[in-house]
Amino acid sequence: MLTNDLNEKTKQYISIYAELKSKLKWKVAHDQILMLISSAYIVNKREFDFQRFYDLSSYIKSNISSFSTLNSHHRFTVASMLDIHFQHEAKQTFHTFIDVYNEMVKLGYKRDMFTYLSALILLTGKSETTNKREQMNMGLSVYQQMKKNHYFLTSTQNIPLAVLLGENGKGLQAVNKAETCFQLLAANGFKKGQYLHQVSHILALQSEKDPETLVSQCKHIYQSITDSFKKPKDYHYPDLALLTFLEEPNIKTVLGITHELNQEKAFKWQKEMNFKIAVSLYLSEHMEKNLLMESGLYTAIETVIQAQQAAATAAIISSTAASHSHDGN
């Protein structure tokens with residue numbers, strides 16, 4: 001049984017998706033991207049205005065080179081994030097965003113969608129202890145350390161999390177914690193691979209908890225899902241990591257949201273993504289109602305969801321990435 005708030009959030013999410021699907025069906029090839037955009041408005045508690053969103057995406061297209069990655073459907077992802085965080089100042093902020101991206105490229109970041117997404121994380125971050133240039137440098141150092149630890153599991157898809165870990169200047173310390181989490185999780189039956197790699201770095205963002213506690217929480221959530229439904233796939237490991245930000249997540253409620261989405265005609269073939277969306281919707285409600293608001297974890301969860309959506313978006317469009325590898329910005 002879902003709370004009235006969660007029911008309302010789920011309905012709003014479905015409504016936004018239906019509008020995007022109806023109006024962008026010839027412009028965005030992947031329904032999952034529209035699902036992620038729709039959920040981002042709900043998670044961030046922003047009203048959705050299609051015309052404002054579309055005008056912004058058109059503005060982006062008219063202000064980039066013809067070879068830019070943002071000339072593709074990526075501009076809709078960027079438009080949604082700028083619209084959510086900056087709304088009526090989004091067009092002006094877009095130019096600052098491009099400046100941040102170009103500065104990152106000069107420092108050594110690759111010209112790809114992950115650097116664009118990382119620039120968005122820098123632009124929307126609320127850190128009071130790290131300036132953007134320091135976080136860029138630390139993010140690059142974190143990424144290089146990730147590659148040292150797991151060369152074959154690390155790709156530019158990990159850049160957004162590396163930048164996130166670079167906040168507050170303790171990135172390298174966090175990478176060591178992530179490595180401990182990775183090894184402990186693997187020893188406890190979690191499958192090694194890119195998803196466990198992501199999990200370990202999400203867990204490392206929680207500086208107040210030790211690796212043993214975090215791994216124990218992950219195991220407990222995994223078992224709860226297994227007992228109530230079925231064993232989670234490794235694709236969902238990062239979603240389990242997000243749930244560890246709450247002390248006692250209600251897994252049955254998360255599965256209830258998933259069930260509601262599975263019943264929708266538009267989403268019946270998107271069961272894997274539906275669980276990911278359900279976790280985001282569930283967390284968005286509890287971020288508002290828990291003491292997380294006061295603990296500082298509110299912003300961390302919000303940003304990790306954003307980073308995870310970036311990674312998920314990237315995974316979805318990876319099959320088309322090659323055609324956009326030459327970036328003009």
# chains A, B, ... in the order shown; residues from 1 in each chain; ligands from 1
>>> residues_around(residues="A:Leu172", least_positions_apart="6", cutoff="9 Å", atoms="only C-alpha atoms", output="list in words")
Met138, Ser141, Val142, Gln145, Leu165 and Gly166 of chain A
>>> closest_atom_pairs(of="stretch 98-205 of chain A", to="stretch 243-255 of chain A", cutoff="10 Å", atoms="only C-alpha atoms", output="CSV")
residue,atom,partner,partner_atom,distance
A:Ile202,CA,A:Thr244,CA,9.6
A:Leu203,CA,A:Thr244,CA,7.9
A:Leu205,CA,A:Phe245,CA,9.7
>>> write_last_selection(atoms="C-alpha atoms", output="CSV table (one decimal), in the first residue's frame")
chain,number,residue,atom,x,y,z
A,202,ILE,CA,28.4,5.3,-4.0
A,203,LEU,CA,29.0,3.7,-0.6
A,205,LEU,CA,30.3,8.9,-0.2
>>> atom_distance(atom1="atom CA of A:His73", atom2="atom CA of A:Val28")
5.7 Å
>>> closest_residue(among="A:Tyr109, A:Tyr151, A:Phe86, A:Tyr195", to="A:Leu123", atoms="only C-alpha atoms")
A:Phe86
>>> closest_residue(among="A:Lys45, A:Lys132, A:His220, A:Lys91", to="A:Lys61", atoms="only C-alpha atoms")
A:Lys91
>>> residues_around(residues="A:Val199", least_positions_apart="3", cutoff="9 Å", atoms="only C-alpha atoms", output="NGL selection string")
:A and (178 or 181-182 or 194-196 or 202-204 or 237-242)
>>> closest_residue(among="A:Phe50, A:Trp26, A:Phe114, A:Tyr59", to="A:Asn71", atoms="only C-alpha atoms")
A:Tyr59
>>> select_by_dssp(residues="stretch 95-235 of chain A", states="helix (DSSP H, G or I)", output="number ranges by chain")
A: 95-107, 113-124, 132-149, 156-165, 167-169, 171-187, 194-203, 211-228, 234-235
>>> residues_around(residues="A:Lys219", least_positions_apart="4", cutoff="8 Å", atoms="only C-alpha atoms", output="PDB file with N, CA, C and O atoms, in the first residue's frame")
ATOM      1  N   ASN A 188      31.307 -11.353   0.020  1.00  0.00           N
ATOM      2  CA  ASN A 188      29.984 -11.697   0.537  1.00  0.00           C
ATOM      3  C   ASN A 188      28.991 -12.092  -0.553  1.00  0.00           C
ATOM      4  O   ASN A 188      27.781 -12.029  -0.354  1.00  0.00           O
ATOM      5  N   VAL A 215      28.500  -2.486   3.948  1.00  0.00           N
ATOM      6  CA  VAL A 215      28.365  -3.786   3.279  1.00  0.00           C
ATOM      7  C   VAL A 215      27.259  -4.608   3.939  1.00  0.00           C
ATOM      8  O   VAL A 215      26.457  -5.273   3.269  1.00  0.00           O
ATOM      9  N   GLN A 223      18.969  -9.206   0.595  1.00  0.00           N
ATOM     10  CA  GLN A 223      18.218 -10.348   1.112  1.00  0.00           C
ATOM     11  C   GLN A 223      16.730 -10.036   1.234  1.00  0.00           C
ATOM     12  O   GLN A 223      15.877 -10.878   0.945  1.00  0.00           O
TER      13      GLN A 223
END
>>> atom_distance(atom1="atom CA of A:Leu281", atom2="atom CA of A:Tyr222")
18.7 Å
>>> residues_around(residues="A:Val163", least_positions_apart="6", cutoff="9 Å", atoms="only C-alpha atoms", output="list in words")
Ser118, Ala119, Ile121, Leu122, Gln135, Met136, Asn137, Met138, Gly139, Leu140, Val142, Tyr143 and Gly171 of chain A
>>> write_last_selection(atoms="N, CA and C atoms", output="compact mmCIF listing (two decimals), in the first residue's frame")
# COMPACT_ATOMS: atom_id res chain seq x y z
N SER A 118 29.32 15.58 -15.85
CA SER A 118 30.12 15.97 -14.69
C SER A 118 30.13 17.48 -14.51
N ALA A 119 30.16 18.21 -15.62
CA ALA A 119 30.09 19.67 -15.54
C ALA A 119 28.78 20.11 -14.91
N ILE A 121 27.10 18.37 -12.69
CA ILE A 121 27.22 18.07 -11.26
C ILE A 121 28.00 19.18 -10.56
N LEU A 122 29.06 19.65 -11.19
CA LEU A 122 29.83 20.76 -10.62
C LEU A 122 28.99 22.03 -10.52
N GLN A 135 37.77 20.83 -7.30
CA GLN A 135 36.99 19.60 -7.47
C GLN A 135 37.27 18.95 -8.82
N MET A 136 37.49 19.75 -9.85
CA MET A 136 37.87 19.20 -11.16
C MET A 136 39.18 18.43 -11.05
N ASN A 137 40.18 19.06 -10.42
CA ASN A 137 41.49 18.42 -10.28
C ASN A 137 41.41 17.14 -9.45
N MET A 138 40.65 17.22 -8.33
CA MET A 138 40.52 16.06 -7.48
C MET A 138 39.74 14.95 -8.19
N GLY A 139 38.71 15.33 -8.94
CA GLY A 139 37.93 14.35 -9.70
C GLY A 139 38.79 13.57 -10.67
N LEU A 140 39.71 14.28 -11.32
CA LEU A 140 40.63 13.62 -12.25
C LEU A 140 41.57 12.67 -11.51
N VAL A 142 40.94 11.19 -8.66
CA VAL A 142 40.11 10.06 -8.21
C VAL A 142 39.91 9.07 -9.36
N TYR A 143 39.61 9.60 -10.54
CA TYR A 143 39.39 8.74 -11.70
C TYR A 143 40.66 7.93 -12.03
N GLY A 171 38.84 12.99 -1.88
CA GLY A 171 38.56 11.98 -2.89
C GLY A 171 39.41 10.73 -2.82
>>> atom_distance(atom1="atom CA of A:Phe229", atom2="atom CA of A:Met273")
15.9 Å
>>> closest_residue(among="A:Ser57, A:Gln270, A:Val100, A:Gln217", to="A:His30", atoms="only C-alpha atoms")
A:Gln270
>>> closest_residue(among="A:Thr303, A:Asn7, A:Lys177, A:Asn158", to="A:Gly256", atoms="only C-alpha atoms")
A:Asn7
>>> closest_residue(among="A:Thr96, A:Phe275, A:Lys21, A:Tyr116", to="A:Ser68", atoms="only C-alpha atoms")
A:Tyr116
>>> residues_around(residues="A:Lys110", least_positions_apart="2", cutoff="12 Å", atoms="only C-alpha atoms", output="tab-separated table (two decimals) with all heavy atoms, in the first residue's frame")
chain	number	residue	atom	x	y	z
A	101	TYR	N	32.60	22.97	-18.83
A	101	TYR	CA	32.96	21.80	-19.65
A	101	TYR	C	34.30	22.02	-20.35
A	101	TYR	O	35.20	21.15	-20.33
A	101	TYR	CB	31.86	21.54	-20.69
A	101	TYR	CG	32.23	20.54	-21.75
A	101	TYR	CD1	32.15	19.17	-21.52
A	101	TYR	CD2	32.67	20.97	-23.01
A	101	TYR	CE1	32.50	18.26	-22.50
A	101	TYR	CE2	33.01	20.07	-23.99
A	101	TYR	CZ	32.93	18.71	-23.74
A	101	TYR	OH	33.28	17.81	-24.72
A	102	ASN	N	34.48	23.18	-20.98
A	102	ASN	CA	35.73	23.48	-21.69
A	102	ASN	C	36.93	23.52	-20.76
A	102	ASN	O	38.03	23.08	-21.12
A	102	ASN	CB	35.59	24.80	-22.46
A	102	ASN	CG	34.73	24.67	-23.70
A	102	ASN	OD1	34.65	23.60	-24.31
A	102	ASN	ND2	34.04	25.75	-24.08
A	103	GLU	N	36.71	24.02	-19.55
A	103	GLU	CA	37.80	24.05	-18.57
A	103	GLU	C	38.19	22.63	-18.17
A	103	GLU	O	39.38	22.33	-18.02
A	103	GLU	CB	37.36	24.85	-17.33
A	103	GLU	CG	38.51	25.12	-16.37
A	103	GLU	CD	38.11	26.02	-15.20
A	103	GLU	OE1	37.01	26.61	-15.23
A	103	GLU	OE2	38.90	26.12	-14.26
A	104	MET	N	37.20	21.77	-18.04
A	104	MET	CA	37.48	20.37	-17.69
A	104	MET	C	38.27	19.68	-18.81
A	104	MET	O	39.22	18.93	-18.54
A	104	MET	CB	36.17	19.62	-17.43
A	104	MET	CG	35.43	20.10	-16.19
A	104	MET	SD	33.87	19.24	-15.89
A	104	MET	CE	34.48	17.76	-15.05
A	105	VAL	N	37.89	19.96	-20.05
A	105	VAL	CA	38.60	19.38	-21.19
A	105	VAL	C	40.06	19.83	-21.20
A	105	VAL	O	40.98	19.04	-21.45
A	105	VAL	CB	37.89	19.75	-22.52
A	105	VAL	CG1	38.76	19.37	-23.72
A	105	VAL	CG2	36.54	19.05	-22.61
A	106	LYS	N	40.30	21.12	-20.91
A	106	LYS	CA	41.67	21.63	-20.85
A	106	LYS	C	42.50	20.93	-19.78
A	106	LYS	O	43.70	20.76	-19.93
A	106	LYS	CB	41.66	23.15	-20.58
A	106	LYS	CG	41.28	23.99	-21.79
A	106	LYS	CD	41.24	25.47	-21.41
A	106	LYS	CE	40.68	26.30	-22.56
A	106	LYS	NZ	40.48	27.70	-22.15
A	107	LEU	N	41.85	20.55	-18.70
A	107	LEU	CA	42.55	19.86	-17.60
A	107	LEU	C	42.87	18.40	-17.93
A	107	LEU	O	43.69	17.80	-17.26
A	107	LEU	CB	41.71	19.91	-16.32
A	107	LEU	CG	41.68	21.24	-15.56
A	107	LEU	CD1	40.70	21.14	-14.40
A	107	LEU	CD2	43.07	21.59	-15.04
A	108	GLY	N	42.20	17.85	-18.94
A	108	GLY	CA	42.49	16.47	-19.31
A	108	GLY	C	41.29	15.54	-19.38
A	108	GLY	O	41.42	14.35	-19.67
A	112	ASP	N	33.38	14.05	-24.05
A	112	ASP	CA	32.27	13.13	-24.22
A	112	ASP	C	31.12	13.51	-23.29
A	112	ASP	O	31.21	14.47	-22.54
A	112	ASP	CB	32.70	11.67	-24.02
A	112	ASP	CG	33.14	11.36	-22.59
A	112	ASP	OD1	32.94	12.20	-21.69
A	112	ASP	OD2	33.67	10.26	-22.37
A	113	MET	N	30.05	12.73	-23.38
A	113	MET	CA	28.85	13.06	-22.62
A	113	MET	C	29.09	13.01	-21.12
A	113	MET	O	28.47	13.74	-20.35
A	113	MET	CB	27.72	12.09	-23.02
A	113	MET	CG	26.36	12.48	-22.46
A	113	MET	SD	25.87	14.17	-22.97
A	113	MET	CE	24.51	14.47	-21.85
A	114	PHE	N	30.02	12.17	-20.68
A	114	PHE	CA	30.25	12.04	-19.23
A	114	PHE	C	30.90	13.29	-18.65
A	114	PHE	O	30.66	13.63	-17.51
A	114	PHE	CB	31.09	10.80	-18.95
A	114	PHE	CG	30.41	9.55	-19.40
A	114	PHE	CD1	30.89	8.84	-20.49
A	114	PHE	CD2	29.26	9.11	-18.77
A	114	PHE	CE1	30.24	7.71	-20.93
A	114	PHE	CE2	28.61	7.98	-19.21
A	114	PHE	CZ	29.10	7.27	-20.28
A	115	THR	N	31.70	13.96	-19.46
A	115	THR	CA	32.27	15.22	-18.99
A	115	THR	C	31.20	16.30	-18.96
A	115	THR	O	31.16	17.13	-18.04
A	115	THR	CB	33.46	15.64	-19.89
A	115	THR	OG1	34.45	14.60	-19.83
A	115	THR	CG2	34.09	16.94	-19.41
A	116	TYR	N	30.30	16.29	-19.93
A	116	TYR	CA	29.16	17.21	-19.88
A	116	TYR	C	28.34	16.97	-18.60
A	116	TYR	O	27.97	17.92	-17.90
A	116	TYR	CB	28.24	17.01	-21.09
A	116	TYR	CG	28.68	17.72	-22.35
A	116	TYR	CD1	28.94	17.02	-23.52
A	116	TYR	CD2	28.80	19.11	-22.38
A	116	TYR	CE1	29.32	17.66	-24.69
A	116	TYR	CE2	29.17	19.77	-23.55
A	116	TYR	CZ	29.44	19.04	-24.70
A	116	TYR	OH	29.81	19.69	-25.84
A	117	LEU	N	28.06	15.70	-18.31
A	117	LEU	CA	27.26	15.38	-17.12
A	117	LEU	C	28.00	15.75	-15.84
A	117	LEU	O	27.40	16.22	-14.87
A	117	LEU	CB	26.90	13.89	-17.14
A	117	LEU	CG	25.96	13.48	-18.28
A	117	LEU	CD1	25.89	11.97	-18.42
A	117	LEU	CD2	24.55	14.04	-18.05
A	118	SER	N	29.32	15.58	-15.85
A	118	SER	CA	30.12	15.97	-14.69
A	118	SER	C	30.13	17.48	-14.51
A	118	SER	O	30.11	17.98	-13.37
A	118	SER	CB	31.55	15.45	-14.85
A	118	SER	OG	31.56	14.04	-14.95
A	119	ALA	N	30.16	18.21	-15.62
A	119	ALA	CA	30.09	19.67	-15.54
A	119	ALA	C	28.78	20.11	-14.91
A	119	ALA	O	28.73	21.07	-14.13
A	119	ALA	CB	30.24	20.28	-16.94
A	140	LEU	N	39.71	14.28	-11.32
A	140	LEU	CA	40.63	13.62	-12.25
A	140	LEU	C	41.57	12.67	-11.51
A	140	LEU	O	41.83	11.55	-11.97
A	140	LEU	CB	41.43	14.70	-13.00
A	140	LEU	CG	41.88	14.40	-14.43
A	140	LEU	CD1	40.73	13.88	-15.28
A	140	LEU	CD2	42.49	15.65	-15.05
A	143	TYR	N	39.61	9.60	-10.54
A	143	TYR	CA	39.39	8.74	-11.70
A	143	TYR	C	40.66	7.93	-12.03
A	143	TYR	O	40.60	6.73	-12.33
A	143	TYR	CB	38.97	9.59	-12.90
A	143	TYR	CG	38.76	8.80	-14.17
A	143	TYR	CD1	37.69	7.92	-14.28
A	143	TYR	CD2	39.65	8.92	-15.25
A	143	TYR	CE1	37.50	7.17	-15.44
A	143	TYR	CE2	39.45	8.19	-16.40
A	143	TYR	CZ	38.38	7.31	-16.49
A	143	TYR	OH	38.19	6.57	-17.64
A	155	SER	N	35.78	3.23	-16.76
A	155	SER	CA	35.66	3.91	-18.05
A	155	SER	C	35.20	5.34	-17.77
A	155	SER	O	34.95	5.70	-16.61
A	155	SER	CB	34.63	3.20	-18.93
A	155	SER	OG	33.33	3.35	-18.38
A	156	THR	N	35.06	6.14	-18.80
A	156	THR	CA	34.62	7.52	-18.57
A	156	THR	C	33.22	7.57	-17.97
A	156	THR	O	32.81	8.60	-17.44
A	156	THR	CB	34.66	8.34	-19.88
A	156	THR	OG1	33.89	7.68	-20.89
A	156	THR	CG2	36.09	8.54	-20.36
A	157	GLN	N	32.50	6.45	-18.02
A	157	GLN	CA	31.19	6.37	-17.36
A	157	GLN	C	31.32	6.62	-15.85
A	157	GLN	O	30.37	7.04	-15.20
A	157	GLN	CB	30.59	4.99	-17.61
A	157	GLN	CG	29.17	4.82	-17.08
A	157	GLN	CD	28.56	3.52	-17.54
A	157	GLN	OE1	28.78	3.07	-18.66
A	157	GLN	NE2	27.77	2.90	-16.68
A	159	ILE	N	33.29	8.88	-14.52
A	159	ILE	CA	33.71	10.26	-14.27
A	159	ILE	C	32.74	11.03	-13.37
A	159	ILE	O	33.18	11.72	-12.44
A	159	ILE	CB	33.96	11.00	-15.61
A	159	ILE	CG1	35.26	10.51	-16.26
A	159	ILE	CG2	33.99	12.50	-15.42
A	159	ILE	CD1	36.52	11.05	-15.62
A	325	SER	N	31.35	10.57	-31.44
A	325	SER	CA	32.62	10.61	-30.71
A	325	SER	C	33.45	11.85	-31.02
A	325	SER	O	34.34	12.21	-30.28
A	325	SER	CB	33.45	9.35	-31.02
A	325	SER	OG	33.69	9.27	-32.40
A	326	HIS	N	33.18	12.54	-32.13
A	326	HIS	CA	33.94	13.73	-32.48
A	326	HIS	C	33.15	14.96	-32.06
A	326	HIS	O	32.16	15.31	-32.68
A	326	HIS	CB	34.24	13.78	-33.98
A	326	HIS	CG	35.05	12.61	-34.42
A	326	HIS	ND1	36.35	12.43	-34.03
A	326	HIS	CD2	34.72	11.55	-35.18
A	326	HIS	CE1	36.81	11.31	-34.57
A	326	HIS	NE2	35.84	10.76	-35.27
A	327	ASP	N	33.60	15.58	-31.00
A	327	ASP	CA	32.85	16.68	-30.38
A	327	ASP	C	33.44	18.02	-30.79
A	327	ASP	O	34.64	18.22	-30.69
A	327	ASP	CB	32.89	16.52	-28.87
A	327	ASP	CG	31.84	17.34	-28.18
A	327	ASP	OD1	31.58	18.47	-28.63
A	327	ASP	OD2	31.31	16.87	-27.18
A	329	ASN	N	32.65	21.01	-29.36
A	329	ASN	CA	32.72	22.05	-28.32
A	329	ASN	C	34.01	21.98	-27.56
A	329	ASN	O	34.45	20.92	-27.19
A	329	ASN	CB	31.54	21.87	-27.35
A	329	ASN	CG	30.47	22.90	-27.63
A	329	ASN	OD1	30.78	24.06	-27.96
A	329	ASN	ND2	29.23	22.50	-27.51
>>> residues_around(residues="A:Tyr13", least_positions_apart="2", cutoff="6 Å", atoms="only C-alpha atoms", output="MDAnalysis selection string")
chainID A and resid 10:11 15:16 38:39
